[in-house]
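Student: This structure is in structure tokens; I'll ask about it shortly.
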Amino acid sequence: MKRTPRFPRLRRLAALLLLAASAALPTSPTARAAVPPAPTPGELRPHTISAAYTAGISSGGYMATQLHVAYSGTFAGSAVFAAGPYDCARGDLYRAQYACMKTYQDLGLDALERTTRDLSAQGLIDPVANLSGDPVYVFSGSGDATVERPVAAALAAYYGRFGARVRYDATTAAGHAWISPLGPNGCTVTQSPYVSDCGIDAERDLLGHLTGPVNAPAPAPTGSLVRFDQNRYVPGGSASAVSMDGSGFLYEPAACSDTAVPCRLLVALHGCKQGYSYQSFGTKFIDTAYLDEYADTNHLLVLYPQAVPTTTLDNPNGCWNWWGYLGDGAYAQHGGRQIEAIMNMVRALGGGGGGTEPPSPATTVTLPSLDAQDGYVKAAPDGSGAAVGTLEGVSGLALGRGSDGRDNRTLLSFDTSRIPAGKEVVRAYVTAARASGSGDPWASPAGNRLLLDVRTGCFGAACTTEPSDWSAPATVPGAAELPAFSSGTRASTDLSPAALAALDRTGTTQLRLRFATTPTSTAYLFLATAPRPTLTVEYR
């Protein structure tokens, strides 16, 4: 049953507060080795762009996805912090808040996929075939109460439906923020400047996923931060008319000052309340995003377009347009006013001249699990007293905490030698059906996750289920996640790139399904053995 919104009507005041402040206390700022470069007036000039990508936080994350999907012939991938699927709001402010930030409404992933395919068929966005194989990085913190984690998980699942190579980072308790080693806020904090330090280098992770291995960052940026006039790139010539600032910024590292040298381009989009002219916010996002340091050592230009609040109640917090404010019905398509303004900037830099070639179509093979080798193992939460479960033939494959207080884990075996040799695996995911269960193990404790571990070959000495399989090391632990479901079938998120590489192309690959935390009370489910769980693999 869907939760009922607490407010019966949505008023167009400050309804969409994507970056609302929390009551958390600020932490001490992270020291920087040197003062970041001050903006200098200039213009965008053509460069030799080898590839272009988008990245963003919150409303900027939604805009990053809109740019990538609408112009997938130009952009080769995207990185998104704390945002949901493409066109999630469908032009409706109510949906934007209650389906695409909170989860009072079902965001309707099937309908969003259909809409995307329809827009592609009509030529209103680039062909969706371009998305197949594109790298996509998605980040969500468990402490984010602004864009709740299921919304970000839906973004990862959305991209997976089009064959993108998704890396979904849901490992921290981060609040609603861009995550950076330079973040002045603690990891769980949600308050200005909405840049938090979680003890990880998310920029290394996202850039590494988008572009491949990256060089270590510079101690501090040494390039130029160019401040340019955004008005000249906005259709109609007035940036303020589309809720954009008069100024935008480009970080140009010294390595890219020679415009003949091939460089990549990253369009980095701030969130609400992070724009240059929002209450004297200035360049705080640019200075702490930790992108310019990597730009210096990796031949990377970083474009920082800027949004501003409207003088009306349409967009009081300077968010990017992801719900159709100011009457822009094409906000997520070709012709969207902000999208076209940003695309004009990209073209001015030399990055919009045709984009990337669509990859060859992928071939799909669906592998049923091997009945003779599947099974489940139960043990105390610390792994002691492990034993093979005996109810598979009666109830199915057990997961979670049974009435005996023991934690159940399921083993699935697949003959992955059926993937043709010499082919590149671009995507894989597991589908399983629920037979029965008791309680909700995903809510015991709240936010519990059903993870998939991947093992090249078998967990034990033999591929048949053994007690030691409960705690045997995985080749890639937590390689994917099976979202909560109470009936029917459910597909997992895509296996991580490391897990794709771990598939045994000459024999068997085993998967172990386990809850990240043993449920705190009796809460379990049985996966059906008829139909068998399947591993779907796409390759080209």
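Letters for chains follow the order of the structure tokens (A, B, ...), residue numbers begin at 1 for each chain, and ligand numbers begin at 1 in the order shown.
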Could you pull out the residues in stretch 23-112 of chain A that DSSP calls helix (DSSP H, G or I) from the backbone, as a VMD selection string?

Tutor: chain A and resid 59 to 70 93 to 98 109 to 112

Student: Kindly assemble as JSON lines a list of the stretch 505-526 of chain A residues that lie within 8 Å of stretch 447-470 of chain A, each paired with its nearest atom pair and their distance in Å to one decimal, using only C-alpha atoms, sorted first by chain and then by ascending residue number.

Tutor:
```
{"residue": "A:Gly507", "atom": "CA", "partner": "A:Gly457", "partner_atom": "CA", "distance": 6.9}
{"residue": "A:Thr508", "atom": "CA", "partner": "A:Gly457", "partner_atom": "CA", "distance": 5.0}
{"residue": "A:Thr509", "atom": "CA", "partner": "A:Gly457", "partner_atom": "CA", "distance": 4.8}
{"residue": "A:Gln510", "atom": "CA", "partner": "A:Arg455", "partner_atom": "CA", "distance": 5.2}
{"residue": "A:Leu511", "atom": "CA", "partner": "A:Val454", "partner_atom": "CA", "distance": 4.8}
{"residue": "A:Arg512", "atom": "CA", "partner": "A:Asp453", "partner_atom": "CA", "distance": 5.0}
{"residue": "A:Leu513", "atom": "CA", "partner": "A:Leu452", "partner_atom": "CA", "distance": 4.7}
{"residue": "A:Arg514", "atom": "CA", "partner": "A:Leu451", "partner_atom": "CA", "distance": 5.5}
{"residue": "A:Phe515", "atom": "CA", "partner": "A:Leu450", "partner_atom": "CA", "distance": 4.4}
{"residue": "A:Ala516", "atom": "CA", "partner": "A:Arg449", "partner_atom": "CA", "distance": 5.5}
{"residue": "A:Thr517", "atom": "CA", "partner": "A:Asn448", "partner_atom": "CA", "distance": 6.3}
{"residue": "A:Pro519", "atom": "CA", "partner": "A:Asn448", "partner_atom": "CA", "distance": 7.9}
```

Student: Go ahead and dump the residues you just picked, N, CA and C atoms, as a compact mmCIF listing (two decimals), in the first residue's frame.

Tutor:
```txt
# COMPACT_ATOMS: atom_id res chain seq x y z
N GLY A 507 33.56 -22.30 -17.43
CA GLY A 507 32.90 -23.27 -16.56
C GLY A 507 31.76 -22.66 -15.79
N THR A 508 31.79 -22.83 -14.47
CA THR A 508 30.69 -22.44 -13.60
C THR A 508 30.99 -21.14 -12.87
N THR A 509 29.97 -20.32 -12.71
CA THR A 509 30.03 -19.15 -11.83
C THR A 509 28.95 -19.32 -10.78
N GLN A 510 29.31 -19.13 -9.51
CA GLN A 510 28.33 -19.23 -8.44
C GLN A 510 28.02 -17.84 -7.88
N LEU A 511 26.76 -17.67 -7.49
CA LEU A 511 26.31 -16.46 -6.81
C LEU A 511 25.79 -16.84 -5.43
N ARG A 512 26.11 -16.03 -4.46
CA ARG A 512 25.57 -16.22 -3.11
C ARG A 512 24.70 -15.01 -2.77
N LEU A 513 23.46 -15.28 -2.43
CA LEU A 513 22.54 -14.22 -2.05
C LEU A 513 22.46 -14.18 -0.53
N ARG A 514 22.62 -12.99 0.02
CA ARG A 514 22.64 -12.85 1.49
C ARG A 514 22.16 -11.46 1.87
N PHE A 515 21.54 -11.34 3.01
CA PHE A 515 21.21 -10.03 3.53
C PHE A 515 22.45 -9.41 4.16
N ALA A 516 22.64 -8.13 3.92
CA ALA A 516 23.82 -7.44 4.43
C ALA A 516 23.89 -7.53 5.95
N THR A 517 22.74 -7.49 6.61
CA THR A 517 22.66 -7.61 8.06
C THR A 517 21.64 -8.70 8.39
N PRO A 519 18.64 -10.25 9.80
CA PRO A 519 17.42 -9.63 10.34
C PRO A 519 17.36 -9.74 11.86
```

Student: Given the choices A:Pro41, A:Gly389, A:Gly439, A:Pro221, which gets closest to A:Ala289 if the distance is worked out from only C-alpha atoms?

Tutor: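 Among the listed residues, the smallest separation from A:Ala289 belongs to A:Pro221.
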
Student: I'd like the neighbourhood of stretch 417-430 of chain A as a PDB file with C-alpha atoms, in the first residue's frame, where a residue qualifies if any of its atoms comes within 6 Å (using only C-alpha atoms), though same-chain residues fewer than 6 positions away should be ignored.

Tutor:
```pdb
ATOM      1  CA  ALA A 491      15.418  -8.540 -11.361  1.00  0.00           C
ATOM      2  CA  SER A 492      18.585  -7.485  -9.582  1.00  0.00           C
ATOM      3  CA  ASP A 494      23.297  -4.949 -12.941  1.00  0.00           C
ATOM      4  CA  LEU A 495      26.376  -6.825 -11.827  1.00  0.00           C
ATOM      5  CA  ARG A 505      33.861 -18.123 -19.281  1.00  0.00           C
ATOM      6  CA  THR A 506      35.093 -21.726 -19.242  1.00  0.00           C
ATOM      7  CA  GLY A 507      32.899 -23.270 -16.557  1.00  0.00           C
ATOM      8  CA  THR A 534      18.112 -17.000 -14.139  1.00  0.00           C
ATOM      9  CA  LEU A 535      21.246 -15.054 -15.023  1.00  0.00           C
ATOM     10  CA  THR A 536      20.723 -12.840 -18.067  1.00  0.00           C
ATOM     11  CA  VAL A 537      23.943 -11.894 -19.858  1.00  0.00           C
ATOM     12  CA  GLU A 538      24.309  -9.363 -22.668  1.00  0.00           C
ATOM     13  CA  TYR A 539      27.432  -9.449 -24.824  1.00  0.00           C
ATOM     14  CA  ARG A 540      28.756  -8.084 -28.080  1.00  0.00           C
TER      15      ARG A 540
END
```

Student: Could you tell me how far atom CA of A:Gly133 lies from atom CA of A:Pro497, in Å and to one decimal?

Tutor: 11.0 Å

Student: How many Å lie between atom CA of A:Asn215 and atom CA of A:Gly199, rounded to one decimal?

Tutor: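 Distance reported for this atom pair: 19.2 Å.
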
Student: How far is it from atom CA of A:Ser50 to atom CA of A:Gln274, in Å with one decimal?

Tutor: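 Between these atoms lies a distance of 28.9 Å.
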
Student: Considering only C-alpha atoms, return as a PyMOL selection string whatever protein or nucleic-acid residues lie within 10 Å of stretch 226-234 of chain A, sequence-local ones (same chain, fewer than 6 positions apart) excluded.

Tutor: chain A and resi 37-44+240-242+244-252+303-306+337-348

Student: With C-alpha atoms retained, could you export that selection as a short mmCIF file (atom, residue, chain, number, x, y, z; two decimals), in the first residue's frame?

Tutor:
```cif
data_model
loop_
_atom_site.label_atom_id
_atom_site.label_comp_id
_atom_site.auth_asym_id
_atom_site.auth_seq_id
_atom_site.Cartn_x
_atom_site.Cartn_y
_atom_site.Cartn_z
CA PRO A 37 42.06 29.84 -8.88
CA ALA A 38 39.96 32.99 -8.96
CA PRO A 39 37.60 33.40 -11.92
CA THR A 40 38.94 35.42 -14.84
CA PRO A 41 36.70 36.88 -17.58
CA GLY A 42 36.88 35.07 -20.88
CA GLU A 43 35.01 33.20 -23.59
CA LEU A 44 34.45 29.60 -24.56
CA SER A 240 17.43 34.96 -16.48
CA ALA A 241 14.33 34.17 -18.56
CA VAL A 242 15.10 30.45 -18.24
CA MET A 244 20.01 30.61 -15.56
CA ASP A 245 22.75 32.93 -14.37
CA GLY A 246 24.42 35.53 -16.53
CA SER A 247 27.75 33.85 -15.74
CA GLY A 248 28.99 30.32 -16.25
CA PHE A 249 32.44 28.84 -15.60
CA LEU A 250 34.94 26.62 -17.39
CA TYR A 251 37.94 25.07 -15.73
CA GLU A 252 40.73 24.74 -18.28
CA LEU A 303 32.19 23.08 -17.65
CA TYR A 304 30.17 24.51 -14.76
CA PRO A 305 26.87 25.96 -16.07
CA GLN A 306 24.93 28.01 -13.50
CA ARG A 337 15.51 25.77 -22.93
CA GLN A 338 18.16 24.93 -20.35
CA ILE A 339 19.23 21.77 -22.19
CA GLU A 340 19.77 23.72 -25.40
CA ALA A 341 21.67 26.46 -23.57
CA ILE A 342 24.07 23.89 -22.11
CA MET A 343 24.34 22.09 -25.45
CA ASN A 344 25.25 25.39 -27.11
CA MET A 345 28.09 25.73 -24.58
CA VAL A 346 29.22 22.18 -25.31
CA ARG A 347 29.14 22.86 -29.04
CA ALA A 348 31.12 26.07 -28.55
#
```

Student: Give me, as JSON, numbers by chain, all polymer residues having an atom no more than 10 Å from A:Ser257, counting only C-alpha atoms and skipping those fewer than 3 positions away in the same chain.

Tutor: {"A": [47, 223, 224, 252, 253, 254, 260, 261, 263, 299, 301]}

Student: Residues as selected, N, CA and C atoms, written as a compact mmCIF listing (two decimals), in the first residue's frame, can you do that?

Tutor:
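Saved as part.txt:
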```
# COMPACT_ATOMS: atom_id res chain seq x y z
N HIS A 47 37.84 23.46 -28.55
CA HIS A 47 38.91 22.55 -28.20
C HIS A 47 38.76 21.26 -29.01
N GLY A 223 45.19 25.37 -13.15
CA GLY A 223 44.70 25.87 -14.43
C GLY A 223 43.93 27.17 -14.28
N SER A 224 43.12 27.49 -15.29
CA SER A 224 42.36 28.74 -15.31
C SER A 224 40.88 28.47 -15.13
N GLU A 252 39.85 25.17 -17.20
CA GLU A 252 40.73 24.74 -18.28
C GLU A 252 42.12 24.46 -17.71
N PRO A 253 42.51 23.19 -17.62
CA PRO A 253 43.85 22.88 -17.12
C PRO A 253 44.91 23.30 -18.14
N ALA A 254 46.11 23.48 -17.65
CA ALA A 254 47.20 23.91 -18.53
C ALA A 254 47.38 22.93 -19.68
N ALA A 260 44.54 22.22 -29.66
CA ALA A 260 44.74 21.10 -30.57
C ALA A 260 44.96 19.79 -29.83
N VAL A 261 45.24 19.88 -28.53
CA VAL A 261 45.49 18.68 -27.72
C VAL A 261 44.15 18.04 -27.35
N CYS A 263 41.26 16.55 -25.38
CA CYS A 263 40.86 16.57 -23.97
C CYS A 263 39.42 16.09 -23.86
N HIS A 299 43.86 15.61 -18.53
CA HIS A 299 43.41 16.22 -19.78
C HIS A 299 41.87 16.32 -19.80
N LEU A 301 38.57 19.01 -19.35
CA LEU A 301 37.92 20.31 -19.21
C LEU A 301 36.67 20.11 -18.38
```

Student: Given the choices A:Ala154, A:Pro36, A:Tyr71, A:Val365, which gets closest to A:Thr222 if the distance is worked out from only C-alpha atoms?

Tutor: A:Pro36

Student: In terms of the shortest atom-to-atom distance over only C-alpha atoms, which of A:Ala177, A:Cys187, A:Ala268, A:Cys319 is closest to A:Leu207?

Tutor: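 Among the listed residues, A:Ala268 lies closest to A:Leu207.
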
Student: Report the closest atom pair, with its distance in Å rounded to one decimal, for each residue of stretch 107-178 of chain A that has an atom no farther than 12 Å from stretch 87-96 of chain A; count only C-alpha atoms, sort by chain and then rising residue number, and write it as a tab-separated table.

Tutor:
```
residue	atom	partner	partner_atom	distance
A:Leu107	CA	A:Cys88	CA	6.7
A:Gly108	CA	A:Cys88	CA	8.4
A:Leu109	CA	A:Cys88	CA	8.5
A:Asp110	CA	A:Cys88	CA	11.2
A:Ala111	CA	A:Cys88	CA	9.6
A:Leu112	CA	A:Cys88	CA	6.9
A:Glu113	CA	A:Asp87	CA	9.7
A:Arg114	CA	A:Asp87	CA	11.3
A:Thr115	CA	A:Asp87	CA	8.7
A:Thr116	CA	A:Asp87	CA	8.3
A:Leu119	CA	A:Asp87	CA	10.9
A:Ile125	CA	A:Asp87	CA	11.9
A:Thr146	CA	A:Ala96	CA	11.7
A:Val147	CA	A:Ala96	CA	10.3
A:Val151	CA	A:Cys88	CA	9.5
A:Ala152	CA	A:Cys88	CA	11.1
A:Ala154	CA	A:Cys88	CA	9.9
A:Leu155	CA	A:Cys88	CA	9.3
A:Tyr158	CA	A:Cys88	CA	10.4
```

Student: Any chance you can output those residues with N, CA and C atoms as an mmCIF file, in the first residue's frame?

Tutor:
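Okay, this is what ended up in selection.cif:
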```
data_model
loop_
_atom_site.group_PDB
_atom_site.id
_atom_site.type_symbol
_atom_site.label_atom_id
_atom_site.label_comp_id
_atom_site.auth_asym_id
_atom_site.auth_seq_id
_atom_site.Cartn_x
_atom_site.Cartn_y
_atom_site.Cartn_z
ATOM 1 N N LEU A 107 7.039 5.729 -8.621
ATOM 2 C CA LEU A 107 7.529 6.534 -9.745
ATOM 3 C C LEU A 107 7.291 5.890 -11.103
ATOM 4 N N GLY A 108 6.880 4.630 -11.124
ATOM 5 C CA GLY A 108 6.453 3.995 -12.376
ATOM 6 C C GLY A 108 7.590 3.772 -13.353
ATOM 7 N N LEU A 109 8.555 2.918 -12.966
ATOM 8 C CA LEU A 109 9.741 2.713 -13.792
ATOM 9 C C LEU A 109 9.396 2.154 -15.166
ATOM 10 N N ASP A 110 8.427 1.253 -15.234
ATOM 11 C CA ASP A 110 8.033 0.697 -16.538
ATOM 12 C C ASP A 110 7.533 1.806 -17.469
ATOM 13 N N ALA A 111 6.720 2.709 -16.925
ATOM 14 C CA ALA A 111 6.191 3.800 -17.742
ATOM 15 C C ALA A 111 7.294 4.757 -18.170
ATOM 16 N N LEU A 112 8.271 5.003 -17.296
ATOM 17 C CA LEU A 112 9.380 5.885 -17.663
ATOM 18 C C LEU A 112 10.211 5.274 -18.796
ATOM 19 N N GLU A 113 10.405 3.969 -18.729
ATOM 20 C CA GLU A 113 11.140 3.305 -19.816
ATOM 21 C C GLU A 113 10.376 3.434 -21.133
ATOM 22 N N ARG A 114 9.065 3.173 -21.080
ATOM 23 C CA ARG A 114 8.266 3.267 -22.305
ATOM 24 C C ARG A 114 8.293 4.684 -22.878
ATOM 25 N N THR A 115 8.174 5.666 -21.994
ATOM 26 C CA THR A 115 8.197 7.051 -22.459
ATOM 27 C C THR A 115 9.519 7.379 -23.131
ATOM 28 N N THR A 116 10.612 6.923 -22.539
ATOM 29 C CA THR A 116 11.930 7.169 -23.130
ATOM 30 C C THR A 116 12.024 6.559 -24.519
ATOM 31 N N LEU A 119 9.893 8.609 -26.943
ATOM 32 C CA LEU A 119 10.537 9.874 -27.322
ATOM 33 C C LEU A 119 11.665 9.629 -28.322
ATOM 34 N N ILE A 125 14.403 12.769 -28.663
ATOM 35 C CA ILE A 125 15.697 12.580 -28.008
ATOM 36 C C ILE A 125 16.528 11.679 -28.926
ATOM 37 N N THR A 146 16.270 13.651 1.589
ATOM 38 C CA THR A 146 15.719 14.580 0.598
ATOM 39 C C THR A 146 15.338 13.836 -0.673
ATOM 40 N N VAL A 147 16.283 13.121 -1.243
ATOM 41 C CA VAL A 147 15.986 12.185 -2.341
ATOM 42 C C VAL A 147 16.266 10.796 -1.770
ATOM 43 N N VAL A 151 14.718 6.006 -4.758
ATOM 44 C CA VAL A 151 14.646 6.821 -5.973
ATOM 45 C C VAL A 151 15.957 6.707 -6.749
ATOM 46 N N ALA A 152 17.097 6.802 -6.036
ATOM 47 C CA ALA A 152 18.389 6.645 -6.703
ATOM 48 C C ALA A 152 18.564 5.226 -7.231
ATOM 49 N N ALA A 154 16.262 3.414 -8.329
ATOM 50 C CA ALA A 154 15.463 3.356 -9.553
ATOM 51 C C ALA A 154 16.222 3.946 -10.735
ATOM 52 N N LEU A 155 17.054 4.960 -10.490
ATOM 53 C CA LEU A 155 17.887 5.508 -11.569
ATOM 54 C C LEU A 155 18.861 4.446 -12.068
ATOM 55 N N TYR A 158 16.868 2.021 -14.040
ATOM 56 C CA TYR A 158 16.441 2.630 -15.308
ATOM 57 C C TYR A 158 17.544 2.513 -16.352
#
```

Student: Would you mind telling me which residue in A:Met63, A:Ala332, A:Ala76, A:Cys256 lies nearest to A:Gly352 when using only C-alpha atoms?

Tutor: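 Of all the options, A:Ala76 lies closest to A:Gly352.
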
Student: Rank A:Arg401, A:Arg167, A:Arg45, A:Lys378 by their smallest atom-to-atom distance to A:Leu525, using only C-alpha atoms, and report the top residue only.

Tutor: A:Arg401
